[in-house]
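Data first, discussion second: the structure below is written as structure tokens.
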Amino acid sequence: MKRLITPIISLLIFSVALSSCAASAMGSGNKYVDAQTGLTYSLYKPVNTLGIAQSKFQLLVCGGGGEEWVYVNFVKGAKKIETMQTKSGAHCSNPGLSVKMPGVKVNGINASVFVYCDPTKPNAAKNCKTSDITKVGGYLMMTLPGYYKMKPTTMQVQVSGGLSYADLLSVARSMTPASTKPSN
């Protein structure tokens, strides 16, 4: 009986060691790179998060069908930065009631700017300015190019909790490809 137990224990220990090696090989430790592996569109990450630490990274089911989308937030007290990324053309979430402002160029790319002024209140909507982002929050939307033969990305960058329009632009301008080499 002792002869049978020793090989079984050795096999069990070997199996546990092998499975833990396989599990660590599946994850790079970089959530962006790991998420990129299963997506056909390019992921981007902000280099400048205004000193605010990342608190959440999620792959979410697209309500409109299609590929998953990526939600990341950075929070420090009331200050919050959020990025949402989808395959270009997909409609996976609704940012909410806002007023569209004049567009802006972000690293040579046209971006739409929105402020969370209530468009159902004519005076609030008419008097809404990008400076109101500090009080009510806002976001911008842009389409970033695909890299490594992947599809383009619709990027939404949003700020709230006292962050300004200048802060929003600073984060948006710092978006950089999340992967430095092809995943395949």
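Chain labels A, B, ... are given in the sequence in which chains occur in the structure tokens; within each chain residues are numbered consecutively from 1, and ligands are likewise numbered from 1 in the order shown.
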Could you write out, as a ChimeraX atom specification, all the residues of chain A that DSSP marks as strand (DSSP E or B)? /A:41,44-46,54-60,69-76,79-87,99-106,109-115,138-144,151,153-160,175-177
What are the nearest atom pairs, with distances in Å to one decimal, for all residues of region 81-134 of chain A that come at most 9 Å from region 40-55 of chain A, using only C-alpha atoms, set out by chain and rising residue number as a Markdown table?
```
| residue | atom | partner | partner_atom | distance |
| --- | --- | --- | --- | --- |
| A:Ile81 | CA | A:Thr49 | CA | 7.5 |
| A:Thr83 | CA | A:Lys45 | CA | 8.5 |
| A:Gln85 | CA | A:Leu43 | CA | 7.2 |
| A:Thr86 | CA | A:Tyr41 | CA | 7.5 |
| A:Lys87 | CA | A:Tyr41 | CA | 5.3 |
| A:Ser88 | CA | A:Tyr41 | CA | 7.7 |
```
Would you put the residues from that selection into a file with C-alpha atoms, as an mmCIF file, in the first residue's frame?
```cif
data_model
loop_
_atom_site.group_PDB
_atom_site.id
_atom_site.type_symbol
_atom_site.label_atom_id
_atom_site.label_comp_id
_atom_site.auth_asym_id
_atom_site.auth_seq_id
_atom_site.Cartn_x
_atom_site.Cartn_y
_atom_site.Cartn_z
ATOM 1 C CA ILE A 81 -11.408 59.750 -13.832
ATOM 2 C CA THR A 83 -12.172 55.604 -19.266
ATOM 3 C CA GLN A 85 -13.263 51.714 -24.511
ATOM 4 C CA THR A 86 -15.193 49.833 -27.172
ATOM 5 C CA LYS A 87 -14.621 48.641 -30.686
ATOM 6 C CA SER A 88 -15.246 51.643 -32.922
#
```
Once DSSP has gone over the backbone, tell me which residues of region 21-177 of chain A are in helix (DSSP H, G or I), as a count of residues only. 33
Residues within 10 Å of Val104 (chain A), please, as a list in words. Count only C-alpha atoms; anything in the same chain fewer than 6 positions from it doesn't count.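 With the cut-off at 10 Å, the set is Asn110, Ala111, Ser112, Val113, Leu140, Met142 and Leu169 of chain A.
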Generate a file of the selected residues that holds N, CA and C atoms, formatted as a PDB file, in the first residue's frame.
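Heads up, here's the output in again.pdb:
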```pdb
ATOM      1  N   ASN A 110      -9.946  64.512 -33.835  1.00  0.00           N
ATOM      2  CA  ASN A 110     -11.149  65.242 -33.438  1.00  0.00           C
ATOM      3  C   ASN A 110     -11.840  64.527 -32.287  1.00  0.00           C
ATOM      4  N   ALA A 111     -12.183  65.293 -31.255  1.00  0.00           N
ATOM      5  CA  ALA A 111     -12.889  64.749 -30.102  1.00  0.00           C
ATOM      6  C   ALA A 111     -14.128  65.593 -29.835  1.00  0.00           C
ATOM      7  N   SER A 112     -15.201  64.934 -29.471  1.00  0.00           N
ATOM      8  CA  SER A 112     -16.435  65.617 -29.072  1.00  0.00           C
ATOM      9  C   SER A 112     -16.385  65.817 -27.563  1.00  0.00           C
ATOM     10  N   VAL A 113     -16.813  66.994 -27.113  1.00  0.00           N
ATOM     11  CA  VAL A 113     -16.782  67.339 -25.691  1.00  0.00           C
ATOM     12  C   VAL A 113     -18.206  67.496 -25.185  1.00  0.00           C
ATOM     13  N   LEU A 140     -15.209  63.447 -22.926  1.00  0.00           N
ATOM     14  CA  LEU A 140     -14.989  63.598 -24.355  1.00  0.00           C
ATOM     15  C   LEU A 140     -14.970  62.220 -24.992  1.00  0.00           C
ATOM     16  N   MET A 142     -13.684  60.136 -28.586  1.00  0.00           N
ATOM     17  CA  MET A 142     -12.836  60.186 -29.769  1.00  0.00           C
ATOM     18  C   MET A 142     -12.586  58.767 -30.257  1.00  0.00           C
ATOM     19  N   LEU A 169      -8.616  67.193 -20.614  1.00  0.00           N
ATOM     20  CA  LEU A 169      -7.755  67.206 -21.789  1.00  0.00           C
ATOM     21  C   LEU A 169      -6.383  66.597 -21.497  1.00  0.00           C
TER      22      LEU A 169
END
```
Could you name the residues that touch Phe114 (chain A) at 8 Å or less, counting only C-alpha atoms, but leaving out those on the same chain fewer than 5 positions away, as a list in words?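 The residues that qualify are Ser98, Val99, Lys100, Met101, Thr130, Gly138, Tyr139 and Leu140 of chain A.
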Name the closest residue to Val61 (chain A) among the candidates A:Asn127, A:Ser28, A:Thr37, A:Ser93; distances are taken between atoms, counting only C-alpha atoms.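 The answer is A:Ser93, which sits nearest to Val61 (chain A).
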